[in-house]
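As stored in work32.txt (compact mmCIF, C-alpha atoms):
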# COMPACT_ATOMS: atom_id res chain seq x y z
CA MET A 364 49.53 -169.90 -23.96
CA ASN A 365 46.74 -167.49 -24.90
CA LYS A 366 44.17 -168.43 -27.52
CA HIS A 367 41.67 -165.91 -28.89
CA GLU A 368 38.70 -166.91 -31.01
CA ARG A 369 35.69 -164.95 -32.20
CA LEU A 370 32.90 -167.52 -32.19
CA ASN A 371 30.13 -167.69 -34.78
CA ASN A 372 27.54 -166.88 -32.14
CA GLY A 373 29.24 -163.52 -31.55
CA ILE A 374 31.12 -164.23 -28.32
CA ASP A 375 34.80 -163.34 -28.01
CA ALA A 376 36.58 -166.20 -26.21
CA ILE A 377 40.04 -165.84 -24.67
CA LEU A 378 41.55 -169.04 -23.29
CA VAL A 379 44.69 -169.14 -21.14
CA GLN A 380 45.76 -172.74 -20.63
CA ARG A 381 47.74 -173.53 -17.44
CA GLU A 382 48.46 -177.24 -17.18
CA SER A 383 50.09 -176.96 -13.76
CA MET A 384 46.82 -175.86 -12.16
CA LEU A 385 44.05 -178.01 -10.68
CA SER A 386 41.44 -175.29 -11.06
CA ALA A 387 40.13 -172.71 -13.48
CA SER A 388 38.50 -169.29 -13.40
CA ILE A 389 35.84 -168.20 -15.86
CA LEU A 390 34.45 -164.74 -16.43
CA PHE A 391 31.74 -163.42 -18.68
CA GLY A 392 32.36 -159.69 -19.15
CA VAL A 393 29.41 -157.61 -20.37
CA LYS A 394 30.01 -154.06 -21.61
CA ALA A 395 27.18 -152.63 -19.52
CA GLY A 396 27.88 -150.34 -16.58
CA SER A 397 26.67 -147.18 -14.91
CA ALA A 398 28.23 -144.97 -17.62
CA MET A 399 25.69 -146.41 -20.09
CA GLU A 400 22.73 -145.37 -17.93
CA ASN A 401 20.80 -142.11 -17.64
CA GLU A 402 19.08 -140.04 -14.96
CA THR A 403 15.95 -142.21 -15.16
CA ASN A 404 17.48 -145.68 -14.89
CA ALA A 405 20.64 -144.97 -12.83
CA GLY A 406 21.65 -148.18 -11.04
CA ILE A 407 19.95 -150.54 -13.48
CA SER A 408 23.19 -152.32 -14.47
CA HIS A 409 23.86 -153.21 -10.85
CA LEU A 410 20.23 -154.18 -10.28
CA ILE A 411 20.38 -156.59 -13.23
CA GLU A 412 23.59 -158.08 -11.84
CA HIS A 413 21.77 -158.79 -8.56
CA SER A 414 18.55 -160.02 -10.14
CA VAL A 415 19.96 -162.67 -12.46
CA PHE A 416 21.12 -164.73 -9.46
CA ARG A 417 17.47 -165.16 -8.42
CA GLY A 418 16.84 -167.63 -11.24
CA THR A 419 17.36 -168.54 -14.88
CA LYS A 420 15.15 -170.38 -17.37
CA ARG A 421 16.52 -173.71 -16.12
CA ARG A 422 17.70 -173.12 -12.54
CA ASP A 423 16.43 -171.58 -9.35
CA SER A 424 18.76 -169.65 -7.01
CA ILE A 425 19.85 -172.80 -5.15
CA GLN A 426 20.64 -174.66 -8.37
CA ILE A 427 22.70 -171.68 -9.49
CA LYS A 428 24.89 -171.44 -6.38
CA ASN A 429 25.06 -174.92 -4.93
CA PRO A 430 26.95 -176.82 -7.70
CA ILE A 431 29.81 -174.32 -7.46
CA GLU A 432 29.93 -173.77 -3.72
CA GLU A 433 29.57 -177.44 -2.69
CA VAL A 434 33.01 -178.14 -4.21
CA GLY A 435 34.63 -175.11 -2.55
CA GLY A 436 34.28 -172.84 -5.57
CA GLU A 437 33.14 -169.25 -5.86
CA LEU A 438 30.40 -167.67 -7.94
CA ASN A 439 29.98 -163.90 -7.93
CA ALA A 440 29.70 -160.71 -9.98
CA PHE A 441 30.44 -157.00 -9.85
CA THR A 442 29.39 -153.86 -11.70
CA SER A 443 31.60 -150.89 -12.58
CA LYS A 444 31.30 -147.76 -14.72
CA ASN A 445 31.88 -149.71 -17.95
CA PHE A 446 31.27 -153.39 -17.19
CA THR A 447 29.26 -156.03 -15.45
CA VAL A 448 31.42 -159.09 -14.83
CA TYR A 449 30.13 -162.53 -13.80
CA PHE A 450 32.79 -164.97 -12.65
CA SER A 451 33.49 -168.32 -11.07
CA LYS A 452 36.51 -170.03 -9.50
CA ILE A 453 36.17 -173.81 -9.59
CA PRO A 454 38.10 -177.08 -9.50
CA THR A 455 38.74 -178.30 -13.05
CA MET A 456 36.18 -181.09 -12.72
CA LYS A 457 33.39 -178.49 -12.48
CA ILE A 458 34.34 -176.24 -15.37
CA SER A 459 31.61 -177.45 -17.72
CA GLU A 460 28.86 -176.84 -15.18
CA ALA A 461 30.30 -173.45 -14.26
CA ILE A 462 30.23 -172.36 -17.91
CA ASP A 463 26.60 -173.49 -18.14
CA ILE A 464 25.65 -171.53 -15.04
CA LEU A 465 27.44 -168.35 -16.07
CA SER A 466 26.02 -168.47 -19.60
CA GLU A 467 22.51 -168.92 -18.17
CA LEU A 468 22.99 -165.96 -15.83
CA VAL A 469 24.05 -163.76 -18.75
CA PHE A 470 21.79 -165.02 -21.54
CA GLU A 471 18.82 -166.76 -19.86
CA PRO A 472 17.75 -164.92 -16.68
CA ASN A 473 14.16 -165.17 -15.53
CA PHE A 474 13.58 -161.64 -14.24
CA LYS A 475 10.47 -162.44 -12.24
CA PRO A 476 8.90 -159.14 -11.11
CA GLU A 477 8.75 -160.31 -7.49
CA ASP A 478 12.47 -161.17 -7.57
CA ILE A 479 13.31 -157.75 -9.00
CA GLU A 480 11.42 -156.11 -6.15
CA ARG A 481 13.33 -158.17 -3.56
CA GLU A 482 16.66 -157.13 -5.06
CA LYS A 483 15.57 -153.49 -5.20
CA SER A 484 14.99 -153.55 -1.46
CA ILE A 485 18.44 -155.08 -0.89
CA ILE A 486 20.12 -152.44 -3.06
CA LEU A 487 18.27 -149.66 -1.24
CA GLU A 488 19.85 -150.95 1.97
CA GLU A 489 23.22 -151.05 0.22
CA ILE A 490 22.81 -147.42 -0.88
CA ALA A 491 21.91 -146.44 2.68
CA SER A 492 25.07 -148.09 4.01
CA TYR A 493 27.20 -146.23 1.45
CA GLU A 494 25.57 -142.96 2.43
CA ASP A 495 26.77 -143.60 5.99
CA ASP A 496 30.34 -144.44 4.92
CA PRO A 497 32.63 -141.38 4.99
CA GLY A 498 35.11 -142.87 2.53
CA SER A 499 32.37 -143.45 -0.03
CA ILE A 500 30.90 -139.98 0.54
CA VAL A 501 34.17 -138.11 0.02
CA MET A 502 34.87 -140.04 -3.21
CA GLU A 503 31.37 -139.63 -4.65
CA ASN A 504 31.48 -135.90 -3.85
CA LEU A 505 34.62 -135.68 -5.97
CA TYR A 506 33.23 -137.68 -8.89
CA GLN A 507 29.99 -135.71 -8.96
CA ASN A 508 31.89 -132.44 -9.28
CA ILE A 509 34.65 -133.29 -11.76
CA TYR A 510 33.30 -136.01 -14.07
CA ASP A 511 30.77 -135.64 -16.84
CA GLU A 512 27.20 -136.77 -16.16
CA ASP A 513 27.68 -140.38 -17.26
CA PHE A 514 30.58 -140.98 -14.87
CA ALA A 515 29.39 -138.75 -12.05
CA ARG A 516 26.51 -141.10 -11.23
CA PRO A 517 27.22 -143.74 -8.56
CA VAL A 518 27.27 -147.35 -9.74
CA LEU A 519 24.54 -148.21 -7.22
CA GLY A 520 22.26 -145.49 -8.59
CA TYR A 521 20.00 -143.37 -6.38
CA LYS A 522 17.18 -144.31 -4.05
CA GLU A 523 14.65 -142.61 -6.33
CA THR A 524 15.82 -144.30 -9.53
CA ILE A 525 16.09 -147.77 -7.98
CA THR A 526 12.59 -147.40 -6.51
CA ASN A 527 11.16 -146.44 -9.90
CA ILE A 528 12.90 -149.06 -12.08
CA ASN A 529 10.36 -151.63 -13.28
CA TYR A 530 10.28 -154.88 -15.26
CA ASP A 531 9.82 -153.19 -18.63
CA MET A 532 12.80 -150.90 -18.05
CA ILE A 533 14.95 -153.88 -17.13
CA MET A 534 13.94 -155.85 -20.21
CA GLU A 535 14.64 -152.89 -22.48
CA TYR A 536 18.10 -152.28 -20.98
CA TYR A 537 18.93 -155.98 -20.83
CA GLY A 538 17.93 -156.45 -24.49
CA LYS A 539 20.11 -153.53 -25.50
CA PHE A 540 23.32 -154.60 -23.78
CA TYR A 541 23.20 -158.32 -23.03
CA ASN A 542 23.91 -159.57 -26.50
CA PRO A 543 26.81 -161.90 -27.39
CA LEU A 544 28.59 -159.28 -29.49
CA ASN A 545 28.86 -157.31 -26.27
CA VAL A 546 30.21 -160.20 -24.17
CA ASP A 547 33.78 -161.46 -23.77
CA VAL A 548 34.53 -164.78 -22.09
CA VAL A 549 37.90 -165.38 -20.45
CA ILE A 550 38.92 -168.76 -19.05
CA VAL A 551 42.21 -169.24 -17.21
CA GLY A 552 43.49 -172.49 -15.69
CA LYS A 553 43.45 -176.17 -16.57
CA PHE A 554 40.73 -177.26 -18.98
CA ASP A 555 40.07 -179.22 -22.14
CA GLU A 556 40.28 -176.55 -24.85
CA ASP A 557 38.20 -178.42 -27.44
CA LYS A 558 35.41 -179.18 -24.98
CA VAL A 559 35.34 -175.62 -23.66
CA LEU A 560 35.20 -174.10 -27.14
CA SER A 561 32.49 -176.55 -28.20
CA GLN A 562 30.44 -175.62 -25.16
CA LEU A 563 30.84 -171.87 -25.74
CA LYS A 564 29.93 -172.27 -29.42
CA SER A 565 26.72 -174.06 -28.45
CA ILE A 566 25.39 -171.03 -26.55
CA ASN A 567 22.22 -169.96 -28.36
CA SER A 568 22.87 -166.28 -28.88
CA LYS A 569 20.41 -165.11 -31.56
CA LYS A 570 23.30 -163.11 -32.97
CA ASP A 571 21.27 -161.99 -36.00
CA HIS A 572 19.35 -159.61 -33.72
CA PHE A 573 22.46 -157.54 -33.10
CA THR A 574 24.76 -155.68 -35.41
CA PHE A 575 27.48 -153.97 -33.38
CA LYS A 576 29.86 -154.26 -30.45
CA ARG A 577 29.93 -151.42 -27.93
CA LYS A 578 33.13 -149.58 -27.06
CA ILE A 579 33.92 -148.73 -23.48
CA LYS A 580 33.68 -145.09 -22.46
CA SER A 581 36.02 -142.58 -20.81
CA PRO A 582 34.99 -139.73 -18.50
CA LYS A 583 35.42 -136.10 -19.42
CA ILE A 584 37.19 -134.35 -16.55
CA LYS A 585 36.47 -130.74 -15.61
CA ASN A 586 39.20 -128.40 -16.82
CA GLU A 587 39.47 -126.18 -13.73
CA ASN A 588 40.47 -126.43 -10.11
CA VAL A 589 37.71 -127.85 -7.93
CA LYS A 590 37.33 -127.91 -4.14
CA ILE A 591 34.35 -129.51 -2.41
CA GLU A 592 33.89 -129.19 1.36
CA ARG A 593 31.18 -131.04 3.24
CA THR A 594 30.46 -131.93 6.86
CA LYS A 595 28.97 -135.03 8.47
CA LYS A 596 27.72 -135.69 11.94
CA ASP A 597 29.37 -138.27 14.20
CA LEU A 598 32.76 -138.02 12.50
CA SER A 599 35.91 -137.93 14.59
CA SER A 600 38.36 -137.46 11.71
CA SER A 601 38.61 -135.54 8.45
CA TYR A 602 38.63 -137.32 5.10
CA MET A 603 40.45 -135.78 2.14
CA VAL A 604 40.84 -136.89 -1.48
CA GLN A 605 43.10 -134.98 -3.83
CA GLY A 606 42.98 -135.71 -7.55
CA PHE A 607 45.09 -134.76 -10.56
CA GLU A 608 44.59 -135.48 -14.24
CA ALA A 609 46.85 -138.34 -15.30
CA PRO A 610 47.70 -140.17 -18.55
CA PRO A 611 44.93 -142.36 -20.01
CA LYS A 612 45.29 -146.10 -20.36
CA LEU A 613 46.04 -145.92 -24.08
CA SER A 614 48.88 -143.43 -23.53
CA LYS A 615 52.51 -144.54 -23.75
CA ASP A 616 52.85 -143.01 -20.27
CA TYR A 617 50.34 -145.41 -18.71
CA TYR A 618 53.00 -147.83 -17.46
CA ALA A 619 55.20 -145.13 -15.98
CA THR A 620 52.17 -143.73 -14.13
CA LEU A 621 51.52 -147.20 -12.69
CA VAL A 622 55.04 -147.13 -11.25
CA LEU A 623 54.52 -143.59 -9.91
CA ASN A 624 51.24 -144.58 -8.26
CA THR A 625 52.83 -147.66 -6.71
CA PHE A 626 55.75 -145.93 -5.02
CA LEU A 627 53.55 -143.08 -3.86
CA GLY A 628 50.84 -145.02 -2.07
CA SER A 629 51.15 -148.80 -2.21
CA GLY A 630 52.23 -150.49 0.99
CA MET A 631 53.65 -149.32 4.32
CA SER A 632 57.01 -148.73 2.63
CA SER A 633 55.50 -146.26 0.16
CA LEU A 634 56.57 -142.62 0.02
CA LEU A 635 53.29 -141.19 1.31
CA PHE A 636 53.03 -143.67 4.18
CA SER A 637 56.66 -143.09 5.15
CA LYS A 638 56.54 -139.30 5.01
CA LEU A 639 53.01 -138.53 6.16
CA ARG A 640 52.43 -141.23 8.76
CA GLU A 641 55.74 -142.68 9.92
CA GLU A 642 57.88 -139.52 9.95
CA ASN A 643 55.33 -136.80 10.69
CA ALA A 644 52.32 -138.61 12.23
CA LEU A 645 49.94 -136.49 10.14
CA VAL A 646 47.57 -139.24 9.02
CA TYR A 647 45.98 -142.43 10.22
CA GLU A 648 45.40 -143.73 6.69
CA VAL A 649 46.96 -142.76 3.37
CA ALA A 650 46.80 -144.35 -0.08
CA SER A 651 46.97 -143.50 -3.77
CA HIS A 652 44.85 -144.80 -6.61
CA TYR A 653 45.29 -144.54 -10.38
CA GLU A 654 41.96 -144.57 -12.17
CA ALA A 655 42.73 -145.01 -15.87
CA TYR A 656 40.30 -145.17 -18.79
CA PRO A 657 41.14 -145.43 -22.51
CA LEU A 658 41.07 -141.67 -23.10
CA SER A 659 41.42 -140.10 -19.64
CA GLY A 660 42.95 -140.77 -16.25
CA LEU A 661 42.96 -139.56 -12.65
CA LEU A 662 45.59 -139.96 -9.94
CA LEU A 663 43.96 -139.87 -6.51
CA PHE A 664 45.38 -139.50 -3.01
CA PHE A 665 43.28 -140.41 0.02
CA THR A 666 44.09 -139.37 3.60
CA LEU A 667 42.34 -139.75 6.94
CA SER A 668 43.52 -137.25 9.53
CA SER A 669 42.41 -134.91 12.30
CA ASN A 670 40.97 -131.52 11.46
CA GLU A 671 43.80 -129.77 13.31
CA LYS A 672 46.49 -131.43 11.20
CA LEU A 673 44.95 -130.62 7.81
CA PRO A 674 46.86 -127.35 7.17
CA VAL A 675 50.22 -129.00 7.90
CA LEU A 676 49.18 -132.08 5.94
CA LYS A 677 48.44 -129.98 2.85
CA ASP A 678 51.83 -128.25 3.09
CA LYS A 679 53.67 -131.53 3.54
CA PHE A 680 51.80 -133.06 0.63
CA GLN A 681 52.90 -130.17 -1.59
CA GLU A 682 56.51 -130.78 -0.51
CA ILE A 683 56.18 -134.40 -1.61
CA ILE A 684 54.76 -133.38 -4.99
CA GLU A 685 57.80 -131.15 -5.52
CA MET A 686 60.21 -133.76 -4.20
CA ILE A 687 59.20 -136.42 -6.74
CA GLN A 688 60.33 -134.09 -9.51
CA ASN A 689 63.93 -134.26 -8.26
CA TYR A 690 66.07 -137.05 -9.74
CA ASP A 691 68.27 -137.60 -6.69
CA GLU A 692 65.35 -137.61 -4.28
CA VAL A 693 63.13 -139.94 -6.29
CA THR A 694 65.60 -142.70 -7.31
CA LYS A 695 65.03 -144.78 -4.17
CA TRP A 696 61.26 -144.55 -4.48
CA PHE A 697 61.31 -145.27 -8.20
CA ASN A 698 63.14 -148.55 -7.58
CA TYR A 699 60.69 -149.47 -4.84
CA GLY A 700 57.67 -148.74 -7.02
CA LYS A 701 58.95 -150.60 -10.06
CA ASN A 702 60.07 -153.66 -8.09
CA ARG A 703 56.88 -153.78 -6.04
CA LEU A 704 54.63 -153.46 -9.09
CA ILE A 705 56.46 -156.21 -10.98
CA GLY A 706 56.30 -158.39 -7.87
CA GLN A 707 52.58 -157.79 -7.44
CA LEU A 708 51.92 -158.66 -11.08
CA THR A 709 54.09 -161.76 -10.83
CA LEU A 710 52.26 -162.94 -7.72
CA SER A 711 48.89 -162.23 -9.33
CA MET A 712 49.79 -164.74 -12.05
CA GLU A 713 49.51 -167.45 -9.39
CA ASN A 714 45.80 -166.62 -9.11
CA ASN A 715 43.67 -167.68 -12.07
CA LEU A 716 40.95 -165.14 -11.34
CA SER A 717 43.39 -162.23 -11.06
CA LEU A 718 44.95 -163.25 -14.35
CA ALA A 719 41.51 -163.58 -15.99
CA LEU A 720 40.46 -160.11 -14.83
CA THR A 721 43.73 -158.53 -16.02
CA THR A 722 43.48 -160.33 -19.37
CA PHE A 723 39.92 -159.08 -19.81
CA ASP A 724 40.80 -155.52 -18.84
CA LEU A 725 43.74 -155.34 -21.25
CA TYR A 726 41.77 -156.87 -24.10
CA VAL A 727 38.77 -154.56 -23.88
CA ASN A 728 40.99 -151.49 -23.62
CA TYR A 729 43.54 -152.33 -26.31
CA ASP A 730 41.27 -154.48 -28.49
CA LYS A 731 43.98 -157.12 -28.70
CA ILE A 732 45.51 -159.79 -26.50
CA ILE A 733 48.30 -158.60 -24.23
CA THR A 734 49.80 -161.36 -22.10
CA MET A 735 50.86 -160.80 -18.53
CA GLU A 736 54.44 -161.41 -19.62
CA GLU A 737 54.14 -158.58 -22.16
CA PHE A 738 52.52 -156.37 -19.54
CA ILE A 739 55.37 -156.96 -17.08
CA ASP A 740 57.91 -156.36 -19.84
CA ARG A 741 56.39 -152.92 -20.45
CA ILE A 742 56.80 -152.14 -16.74
CA GLU A 743 60.42 -153.32 -16.93
CA ASN A 744 61.06 -150.77 -19.68
CA VAL A 745 59.84 -147.80 -17.62
CA ASN A 746 62.67 -145.38 -16.77
CA ILE A 747 63.01 -142.81 -14.03
CA GLU A 748 63.05 -139.88 -16.46
CA ASP A 749 59.56 -140.79 -17.69
CA VAL A 750 58.24 -140.95 -14.13
CA ILE A 751 59.72 -137.56 -13.22
CA ARG A 752 58.29 -136.00 -16.38
CA ILE A 753 54.83 -137.38 -15.62
CA ALA A 754 55.08 -136.20 -12.00
CA LYS A 755 55.84 -132.67 -13.25
CA ASP A 756 52.95 -132.75 -15.71
CA ILE A 757 50.55 -133.96 -13.05
CA SER A 758 51.69 -131.34 -10.55
CA GLN A 759 50.94 -128.60 -13.09
CA SER A 760 47.47 -129.91 -13.93
CA ASN A 761 44.23 -128.93 -12.25
CA ARG A 762 43.84 -129.97 -8.64
CA TYR A 763 40.60 -131.55 -7.44
CA ILE A 764 40.01 -131.68 -3.69
CA SER A 765 37.14 -133.27 -1.78
CA LEU A 766 36.99 -132.79 1.98
CA LEU A 767 34.63 -134.23 4.59
CA TYR A 768 34.86 -132.66 8.04
CA PRO A 769 33.25 -133.54 11.38
CA ASP A 770 30.09 -131.52 11.94
CA LYS A 771 30.60 -130.10 15.41

Show how you would write the structure in this file as structure tokens.
Amino acid sequence: MNKHERLNNGIDAILVQRESMLSASILFGVKAGSAMENETNAGISHLIEHSVFRGTKRRDSIQIKNPIEEVGGELNAFTSKNFTVYFSKIPTMKISEAIDILSELVFEPNFKPEDIEREKSIILEEIASYEDDPGSIVMENLYQNIYDEDFARPVLGYKETITNINYDMIMEYYGKFYNPLNVDVVIVGKFDEDKVLSQLKSINSKKDHFTFKRKIKSPKIKNENVKIERTKKDLSSSYMVQGFEAPPKLSKDYYATLVLNTFLGSGMSSLLFSKLREENALVYEVASHYEAYPLSGLLLFFTLSSNEKLPVLKDKFQEIIEMIQNYDEVTKWFNYGKNRLIGQLTLSMENNLSLALTTFDLYVNYDKIITMEEFIDRIENVNIEDVIRIAKDISQSNRYISLLYPDK
């Protein structure tokens, strides 16, 4: 049973009670991500995410982590283009303390200058590792050439911007985005609803300082064919990402595109794996990914292959794009994709954190509660004609290709 309440302190609380569980997952979702940054402070959202774990007004780093981890729980966070999400998975007996810790991380961080500098050095190492990772390089090359400026920037930022971010910049950005009107709390599992709501209502938010709630953003995608070719030393294989414009998350075609994406590249029984790897041995790795935002979307195909096989791989890929527009050819794959997607969603309901993340994602995109049961029902209603129509539309859209070759 889902309960949604807008609290007087400004926080949106979504509670999903599950009496059969012995645990709960809590997330505090802040609408602050790399798409809200600029050329000067790129990476600041991720740096704040790191820095808050160094200490709050009432806890040091050990007091933040230990109460959760000593009972087998998890405390973590991640930053994306639109969000920074802080979350915890805990046994039910620890839910009150976990809420305290998460609320302190979000609303009461210390931001000691020396701690910020330590985290900057860690993130610089993280950036360096990404710059050595071919998969990350080929994807970032694509984003930088097809997305608008706000979405082209990497979530981690750049070495130069991270180096130059200072305490004052952090406090200005934090004050702008970390307000309760910009925070949604989702709790899934077994808990005392009255106690949880009372605790969330007691968070001192200073709501009167803020007057609006930010909407999440969508990237603008370049309206022309794009091909980026780069080389890298010490590579033994070629990395390729192909992208096509796809329906946005708020489109009625969103659910059919999820089915299309699933049968194309999810699992070793998927169409791409079967055709490109199993039957033709053209790739070592292959996968698809549907990146959907409220007002735009991108369907991506990733392959790892040898340089010699690339011409044949491109031809075979084009054959597959044409094949999925044929009713007789696609029926088998449609059934696989729909059944697999429903099964994955059903299994994810067994995991409180997965359910919390999905609930949060649906709420912030649709601005209303959509239960997992409703979500699955929408997948159930997808028909093969819709998938074929979307496949045709995608095939006729601009093609975006990013290639990374061995530098010989």

Could you give me, as an mmCIF file with C-alpha atoms, in the frame of the given file, the residues within 12 Å of Ala650 (chain A), counting all atoms listed in the file and dropping anything in the same chain fewer than 4 positions from it?
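This went into around26.cif:
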data_model
loop_
_atom_site.group_PDB
_atom_site.id
_atom_site.type_symbol
_atom_site.label_atom_id
_atom_site.label_comp_id
_atom_site.auth_asym_id
_atom_site.auth_seq_id
_atom_site.Cartn_x
_atom_site.Cartn_y
_atom_site.Cartn_z
ATOM 1 C CA TYR A 602 38.630 -137.320 5.100
ATOM 2 C CA MET A 603 40.450 -135.780 2.140
ATOM 3 C CA VAL A 604 40.840 -136.890 -1.480
ATOM 4 C CA GLN A 605 43.100 -134.980 -3.830
ATOM 5 C CA ASN A 624 51.240 -144.580 -8.260
ATOM 6 C CA THR A 625 52.830 -147.660 -6.710
ATOM 7 C CA PHE A 626 55.750 -145.930 -5.020
ATOM 8 C CA LEU A 627 53.550 -143.080 -3.860
ATOM 9 C CA GLY A 628 50.840 -145.020 -2.070
ATOM 10 C CA SER A 629 51.150 -148.800 -2.210
ATOM 11 C CA GLY A 630 52.230 -150.490 0.990
ATOM 12 C CA MET A 631 53.650 -149.320 4.320
ATOM 13 C CA SER A 632 57.010 -148.730 2.630
ATOM 14 C CA SER A 633 55.500 -146.260 0.160
ATOM 15 C CA LEU A 634 56.570 -142.620 0.020
ATOM 16 C CA LEU A 635 53.290 -141.190 1.310
ATOM 17 C CA PHE A 636 53.030 -143.670 4.180
ATOM 18 C CA SER A 637 56.660 -143.090 5.150
ATOM 19 C CA LEU A 639 53.010 -138.530 6.160
ATOM 20 C CA ARG A 640 52.430 -141.230 8.760
ATOM 21 C CA VAL A 646 47.570 -139.240 9.020
ATOM 22 C CA LEU A 662 45.590 -139.960 -9.940
ATOM 23 C CA LEU A 663 43.960 -139.870 -6.510
ATOM 24 C CA PHE A 664 45.380 -139.500 -3.010
ATOM 25 C CA PHE A 665 43.280 -140.410 0.020
ATOM 26 C CA THR A 666 44.090 -139.370 3.600
ATOM 27 C CA LEU A 667 42.340 -139.750 6.940
#

Open item on the list: I'd like the contact shell of region 655-659 of chain A - 6 Å cut-off, all atoms listed in the file, skipping same-chain residues fewer than 2 positions apart - returned as a VMD selection string.
Closed with: chain A and resid 581 611 to 613

Open item on the list: Can you measure CA of Leu623 (chain A) to CA of Val750 (chain A) for me? One decimal in Å is fine.
Closed with: 6.2 Å

- [ ] Measure the distance from CA of Lys444 (chain A) to CA of Leu465 (chain A) in Å and round it to one decimal.
- [x] 21.0 Å

- [ ] Please provide the set of residues having any atom within 6 Å of Ile550 (chain A), restricted to all atoms listed in the file, with same-chain residues fewer than 4 positions apart removed, written as an MDAnalysis selection string.
- [x] chainID A and resid 378 388:389

Task: Residues near Glu736 (chain A), cut-off 12 Å, only C-alpha atoms, skip fewer than 3 positions along chain, as a ChimeraX atom specification - done: /A:364-365,705,708-709,711-712,718,721-722,732-733,739-743

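The closest residue to Ile584 (chain A), picked from A:Leu563, A:Leu505, A:Ile528, A:Ala440 and counting only C-alpha atoms, is A:Leu505.
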
- [ ] Between A:Ile453, A:Val622, A:Val559, A:Leu766, single out the one closest to Tyr699 (chain A), counting all atoms listed in the file.
- [x]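 Of the candidates, the smallest distance to Tyr699 (chain A) is held by A:Val622.
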
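Here CA of Lys596 (chain A) is placed at a distance of 7.2 Å from CA of Lys771 (chain A).
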